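**Student:** Just passing along the structure, written as structure tokens.
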Amino acid sequence: MQRTNDKWLFKISAKRKLVDLNFKEIWRYRDLLMLFVKRDIVTVYKQTVLGPLWFFIQPLFTSVVFTLIFNNIASINTGIIPSFLFNLAGITAWNYFKVCLTGTSSTFRANKGIFGKVYFPRFIVPLSKVISNLVKFGIQLLIFAFFYIYYVNVKGADLSLNSYALLIPLYIVLMAVYGLGAGMIISTLTTKYRDLAILLTFATQLLMYISAVPYPISEFQEKQPQYSWIVDYNPLAQIIEGFRYAIFHTDNLHFDWMGLLYTSLGGLFLLLVGLIMFNRTEKTFIDTV
């Protein structure tokens, strides 16, 4: 009896490239990607009392606390930018990076059950975190836009958008790239070293204070010149400061194209390293997680 050759649509192999990012395959699983995005948005606050109101409460309350502590007590000068608006811009940007980082950093541990049962491109899971958090970021950006209009039209703040506002989408992409790249690296490491997940919790808090979130870079350089290199060479500080500059465009904020260039190149390098480690770990992580 003659056997006929079966024609397979897809072939799953353990041998993969160092950086295997098959966009066609990801597009093929786009319905699953959207399902993960919907799950992340809907289920997070499903059994909470305030539900989606937490999207509004968290940045607003944090901005109020920052204004009281850093501007009223520590006397950090934000120039012509209202202190609350200055803090709200920084917190909104920082929150998007933070949730992308923390969300993707638990990819293997949080999804070990489904990863061990069915095949789909594993990169879909961290990618879904970035997209779902982008929706939350968009909501918080609308809150910021409301207060921006309020301070300009009601309080008479001397602020206006200009051509630098076109850089805002680029800074949003950079936040996502740094959060995704660093998150994938941490996710691969936590499959063997569980205590890194604990370290990440307070490391992100410390990182926030050296990333120019509660102050302008110029203020740090003036008061602590011997430690100014901490923020000068911190790409996250450059992103937060650049995001503010694109919105406010005031003299007390720092921006230069070289800083944007090395921050962009650093983000691409971090993402590349994250993809390499992620692709290598997904083959064997089920034995160690």
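Just so we're on the same page: first chain in the structure tokens is A, next is B, and so on; residues restart at 1 for each chain, and ligands are numbered from 1 in the order they show up.
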Please identify all polymer residues within 8 Å of Pro126 of chain A, counting only C-alpha atoms, omitting same-chain residues fewer than 4 positions from it, and present them as a list in words.

**Tutor:**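 Everything that qualifies: Gly103, Thr104, Thr107, Arg122, Val130, Leu180 and Met184 of chain A.
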
**Student:** Please list as an NGL selection string every residue within 8 Å of Leu85 of chain A, counting only C-alpha atoms and excluding residues in the same chain fewer than 6 positions away.

**Tutor:** :A and (144 or 147-148)

**Student:** Next, the residues of the selection above should be written as a PDB file, in the first residue's frame with N, CA and C atoms.

**Tutor:**
```
ATOM      1  N   PHE A 144      -4.754  63.929  32.113  1.00  0.00           N
ATOM      2  CA  PHE A 144      -3.743  64.986  32.077  1.00  0.00           C
ATOM      3  C   PHE A 144      -4.172  66.113  31.131  1.00  0.00           C
ATOM      4  N   PHE A 147      -6.638  68.465  32.836  1.00  0.00           N
ATOM      5  CA  PHE A 147      -6.032  69.406  33.777  1.00  0.00           C
ATOM      6  C   PHE A 147      -5.142  70.415  33.054  1.00  0.00           C
ATOM      7  N   TYR A 148      -4.522  70.005  31.962  1.00  0.00           N
ATOM      8  CA  TYR A 148      -3.718  70.940  31.165  1.00  0.00           C
ATOM      9  C   TYR A 148      -4.597  72.078  30.645  1.00  0.00           C
TER      10      TYR A 148
END
```

**Student:** I'd like the neighbourhood of Gly90 of chain A as a list in words, where a residue qualifies if any of its atoms comes within 7 Å (using only C-alpha atoms), though same-chain residues fewer than 2 positions away should be ignored.

**Tutor:**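 Neighbouring residues, sequence-local ones excluded: Phe86, Asn87, Leu88, Thr92, Ala93, Trp94, Val213, Ile240 and Arg244 of chain A.
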
**Student:** Hey, can you spit out that residue selection with N, CA and C atoms as an mmCIF file, in the first residue's frame?

**Tutor:**
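Okay, this is what ended up in out32.cif:
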```
data_model
loop_
_atom_site.group_PDB
_atom_site.id
_atom_site.type_symbol
_atom_site.label_atom_id
_atom_site.label_comp_id
_atom_site.auth_asym_id
_atom_site.auth_seq_id
_atom_site.Cartn_x
_atom_site.Cartn_y
_atom_site.Cartn_z
ATOM 1 N N PHE A 86 2.995 69.416 36.553
ATOM 2 C CA PHE A 86 4.333 68.876 36.335
ATOM 3 C C PHE A 86 4.416 67.439 36.840
ATOM 4 N N ASN A 87 3.930 67.214 38.062
ATOM 5 C CA ASN A 87 3.977 65.875 38.659
ATOM 6 C C ASN A 87 3.066 64.893 37.930
ATOM 7 N N LEU A 88 1.900 65.355 37.513
ATOM 8 C CA LEU A 88 0.959 64.483 36.817
ATOM 9 C C LEU A 88 1.544 63.998 35.490
ATOM 10 N N THR A 92 2.291 60.034 34.973
ATOM 11 C CA THR A 92 1.589 59.370 33.870
ATOM 12 C C THR A 92 2.569 58.621 32.981
ATOM 13 N N ALA A 93 3.694 59.263 32.647
ATOM 14 C CA ALA A 93 4.711 58.608 31.821
ATOM 15 C C ALA A 93 5.363 57.454 32.560
ATOM 16 N N TRP A 94 5.721 57.690 33.821
ATOM 17 C CA TRP A 94 6.407 56.657 34.602
ATOM 18 C C TRP A 94 5.513 55.437 34.810
ATOM 19 N N VAL A 213 11.439 61.769 37.963
ATOM 20 C CA VAL A 213 9.974 61.814 38.008
ATOM 21 C C VAL A 213 9.483 62.946 38.907
ATOM 22 N N ILE A 240 11.579 60.664 30.640
ATOM 23 C CA ILE A 240 10.617 61.431 31.436
ATOM 24 C C ILE A 240 10.780 62.930 31.187
ATOM 25 N N ARG A 244 8.127 65.489 29.197
ATOM 26 C CA ARG A 244 7.667 66.767 29.755
ATOM 27 C C ARG A 244 8.014 67.929 28.826
#
```

**Student:** If you take only C-alpha atoms and a cut-off of 9 Å, which residues of segment 155-244 of chain A touch segment 77-82 of chain A, and what are their nearest atom pairs and distances in Å to one decimal, in chain and number order, as a tab-separated table?

**Tutor:**
```
residue	atom	partner	partner_atom	distance
A:Ala157	CA	A:Ile81	CA	7.3
A:Asp158	CA	A:Ile80	CA	7.1
A:Leu159	CA	A:Ile81	CA	7.6
A:Tyr215	CA	A:Thr78	CA	7.3
A:Pro216	CA	A:Thr78	CA	6.9
A:Glu219	CA	A:Asn77	CA	7.1
```

**Student:** Restricted to N, CA and C atoms, what would the selected residues look like written as a PDB file, in the first residue's frame?

**Tutor:**
```
ATOM      1  N   ALA A 157      -2.184  79.667  33.160  1.00  0.00           N
ATOM      2  CA  ALA A 157      -0.794  79.210  33.051  1.00  0.00           C
ATOM      3  C   ALA A 157      -0.259  79.527  31.657  1.00  0.00           C
ATOM      4  N   ASP A 158       0.976  80.022  31.606  1.00  0.00           N
ATOM      5  CA  ASP A 158       1.592  80.430  30.342  1.00  0.00           C
ATOM      6  C   ASP A 158       2.220  79.213  29.659  1.00  0.00           C
ATOM      7  N   LEU A 159       1.378  78.324  29.179  1.00  0.00           N
ATOM      8  CA  LEU A 159       1.826  77.093  28.538  1.00  0.00           C
ATOM      9  C   LEU A 159       1.152  76.953  27.180  1.00  0.00           C
ATOM     10  N   TYR A 215      11.112  65.691  39.907  1.00  0.00           N
ATOM     11  CA  TYR A 215      11.877  66.933  39.799  1.00  0.00           C
ATOM     12  C   TYR A 215      12.413  67.094  38.378  1.00  0.00           C
ATOM     13  N   PRO A 216      12.712  68.322  37.973  1.00  0.00           N
ATOM     14  CA  PRO A 216      13.401  68.529  36.689  1.00  0.00           C
ATOM     15  C   PRO A 216      14.876  68.153  36.822  1.00  0.00           C
ATOM     16  N   GLU A 219      17.084  70.939  38.217  1.00  0.00           N
ATOM     17  CA  GLU A 219      17.014  71.125  39.670  1.00  0.00           C
ATOM     18  C   GLU A 219      17.963  70.175  40.380  1.00  0.00           C
TER      19      GLU A 219
END
```

**Student:** So which bits of segment 44-272 of chain A end up alpha helix (DSSP H) when you DSSP the backbone, as number ranges by chain?

**Tutor:** A: 54-66, 83-104, 107-110, 112-115, 124-153, 168-189, 195-209, 217-223, 229-232, 235-248, 257-272

**Student:** Produce a file of the selected residues containing C-alpha atoms, as a compact mmCIF listing (two decimals), in the first residue's frame.

**Tutor:**
```
# COMPACT_ATOMS: atom_id res chain seq x y z
CA TRP A 54 -8.53 53.28 39.88
CA PHE A 55 -7.20 54.42 36.50
CA PHE A 56 -8.08 57.96 37.62
CA ILE A 57 -7.44 57.74 41.37
CA GLN A 58 -3.87 56.43 41.35
CA PRO A 59 -2.17 59.16 39.25
CA LEU A 60 -4.24 61.97 40.78
CA PHE A 61 -3.55 61.02 44.40
CA THR A 62 0.12 60.37 43.69
CA SER A 63 0.43 63.78 42.02
CA VAL A 64 -1.17 65.47 45.04
CA VAL A 65 1.25 63.72 47.42
CA PHE A 66 4.24 64.60 45.25
CA SER A 83 3.55 71.81 40.33
CA PHE A 84 0.53 69.49 40.18
CA LEU A 85 0.57 69.47 36.37
CA PHE A 86 4.33 68.88 36.34
CA ASN A 87 3.98 65.87 38.66
CA LEU A 88 0.96 64.48 36.82
CA ALA A 89 2.90 64.47 33.53
CA GLY A 90 5.85 62.63 35.07
CA ILE A 91 3.72 60.11 36.94
CA THR A 92 1.59 59.37 33.87
CA ALA A 93 4.71 58.61 31.82
CA TRP A 94 6.41 56.66 34.60
CA ASN A 95 3.33 54.54 35.29
CA TYR A 96 3.23 53.30 31.71
CA PHE A 97 6.86 52.18 31.88
CA LYS A 98 6.36 50.60 35.30
CA VAL A 99 3.27 48.55 34.42
CA CYS A 100 4.92 47.37 31.19
CA LEU A 101 7.97 46.30 33.21
CA THR A 102 6.12 44.56 36.04
CA GLY A 103 3.54 43.03 33.70
CA THR A 104 6.06 41.41 31.37
CA THR A 107 5.45 36.16 31.86
CA PHE A 108 6.86 32.67 32.43
CA ARG A 109 5.82 32.30 36.07
CA ALA A 110 2.27 33.57 35.57
CA LYS A 112 3.43 28.30 33.07
CA GLY A 113 0.14 26.38 33.04
CA ILE A 114 -0.95 27.44 29.58
CA PHE A 115 2.61 27.44 28.17
CA ILE A 124 2.21 37.40 22.34
CA VAL A 125 1.88 37.43 26.14
CA PRO A 126 4.37 40.26 26.93
CA LEU A 127 3.18 42.10 23.82
CA SER A 128 -0.40 41.95 25.11
CA LYS A 129 0.73 43.57 28.37
CA VAL A 130 2.24 46.50 26.49
CA ILE A 131 -0.91 46.99 24.39
CA SER A 132 -3.38 46.66 27.28
CA ASN A 133 -1.35 49.06 29.40
CA LEU A 134 -1.31 51.47 26.46
CA VAL A 135 -5.11 51.65 26.75
CA LYS A 136 -4.79 52.50 30.45
CA PHE A 137 -2.09 55.04 29.62
CA GLY A 138 -4.42 56.63 27.07
CA ILE A 139 -7.09 57.06 29.76
CA GLN A 140 -4.61 58.69 32.12
CA LEU A 141 -3.34 60.90 29.31
CA LEU A 142 -6.89 62.17 28.81
CA ILE A 143 -6.97 63.05 32.51
CA PHE A 144 -3.74 64.99 32.08
CA ALA A 145 -5.16 66.76 29.01
CA PHE A 146 -8.20 67.84 31.06
CA PHE A 147 -6.03 69.41 33.78
CA TYR A 148 -3.72 70.94 31.17
CA ILE A 149 -6.67 72.73 29.56
CA TYR A 150 -7.95 73.73 33.00
CA TYR A 151 -4.65 75.31 34.09
CA VAL A 152 -4.19 77.14 30.77
CA ASN A 153 -7.75 78.45 30.31
CA ILE A 168 5.25 62.59 22.30
CA PRO A 169 4.43 59.35 20.36
CA LEU A 170 8.16 58.59 20.13
CA TYR A 171 8.59 58.90 23.90
CA ILE A 172 5.55 56.66 24.44
CA VAL A 173 7.16 54.02 22.20
CA LEU A 174 10.43 54.35 24.13
CA MET A 175 8.61 53.78 27.44
CA ALA A 176 7.07 50.62 25.98
CA VAL A 177 10.39 49.42 24.52
CA TYR A 178 12.29 49.86 27.79
CA GLY A 179 9.50 48.26 29.82
CA LEU A 180 9.18 45.33 27.40
CA GLY A 181 12.92 44.75 27.01
CA ALA A 182 13.73 44.93 30.72
CA GLY A 183 10.61 42.92 31.59
CA MET A 184 11.54 40.04 29.28
CA ILE A 185 15.06 39.94 30.73
CA ILE A 186 13.74 39.80 34.28
CA SER A 187 11.13 37.22 33.28
CA THR A 188 13.83 34.87 32.00
CA LEU A 189 15.97 35.33 35.11
CA ASP A 195 14.04 36.37 44.66
CA LEU A 196 14.44 38.73 41.70
CA ALA A 197 10.66 39.11 41.68
CA ILE A 198 10.87 40.43 45.25
CA LEU A 199 13.80 42.67 44.36
CA LEU A 200 11.86 44.17 41.46
CA THR A 201 9.13 45.52 43.76
CA PHE A 202 11.27 48.01 45.63
CA ALA A 203 13.86 48.42 42.85
CA THR A 204 11.21 50.12 40.70
CA GLN A 205 10.42 52.48 43.59
CA LEU A 206 14.09 53.44 43.94
CA LEU A 207 14.46 53.74 40.18
CA MET A 208 11.63 56.26 40.06
CA TYR A 209 13.54 58.71 42.28
CA ILE A 217 16.92 67.38 35.77
CA SER A 218 18.16 70.97 36.04
CA GLU A 219 17.01 71.13 39.67
CA PHE A 220 18.96 67.97 40.51
CA GLN A 221 22.06 69.27 38.72
CA GLU A 222 21.89 72.52 40.69
CA LYS A 223 21.40 71.00 44.14
CA TRP A 229 25.68 61.84 36.36
CA ILE A 230 23.02 59.57 37.90
CA VAL A 231 20.27 61.31 35.94
CA ASP A 232 22.40 62.60 33.07
CA PRO A 235 17.86 56.80 29.82
CA LEU A 236 14.63 56.70 31.82
CA ALA A 237 15.35 60.17 33.18
CA GLN A 238 15.92 61.35 29.62
CA ILE A 239 12.58 59.86 28.57
CA ILE A 240 10.62 61.43 31.44
CA GLU A 241 12.30 64.81 30.96
CA GLY A 242 11.88 64.65 27.19
CA PHE A 243 8.22 63.72 27.54
CA ARG A 244 7.67 66.77 29.76
CA TYR A 245 9.65 68.99 27.39
CA ALA A 246 7.53 67.85 24.44
CA ILE A 247 4.42 68.90 26.37
CA PHE A 248 5.54 72.06 28.17
CA TRP A 257 18.87 65.44 20.26
CA MET A 258 21.96 63.45 21.22
CA GLY A 259 20.26 62.39 24.43
CA LEU A 260 17.24 61.25 22.44
CA LEU A 261 19.51 59.37 20.03
CA TYR A 262 21.43 57.36 22.62
CA THR A 263 18.23 56.72 24.57
CA SER A 264 16.61 55.31 21.42
CA LEU A 265 19.65 53.17 20.58
CA GLY A 266 19.82 51.96 24.18
CA GLY A 267 16.16 50.96 24.06
CA LEU A 268 16.65 48.99 20.83
CA PHE A 269 19.67 47.21 22.33
CA LEU A 270 17.75 46.36 25.50
CA LEU A 271 14.85 45.02 23.47
CA LEU A 272 17.21 42.92 21.35
```

**Student:** Quick one: pull the distance between atom CA of Ser163 of chain A and atom CA of His254 of chain A, Å, one decimal.

**Tutor:**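 Computing it gives 16.1 Å between the two atoms.
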
**Student:** In Å, rounded to a single decimal, give me how far atom CA of Tyr227 of chain A is from atom CA of Phe255 of chain A.

**Tutor:**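 Interatomic distance, atom CA of Phe255 of chain A to atom CA of Tyr227 of chain A: 18.9 Å.
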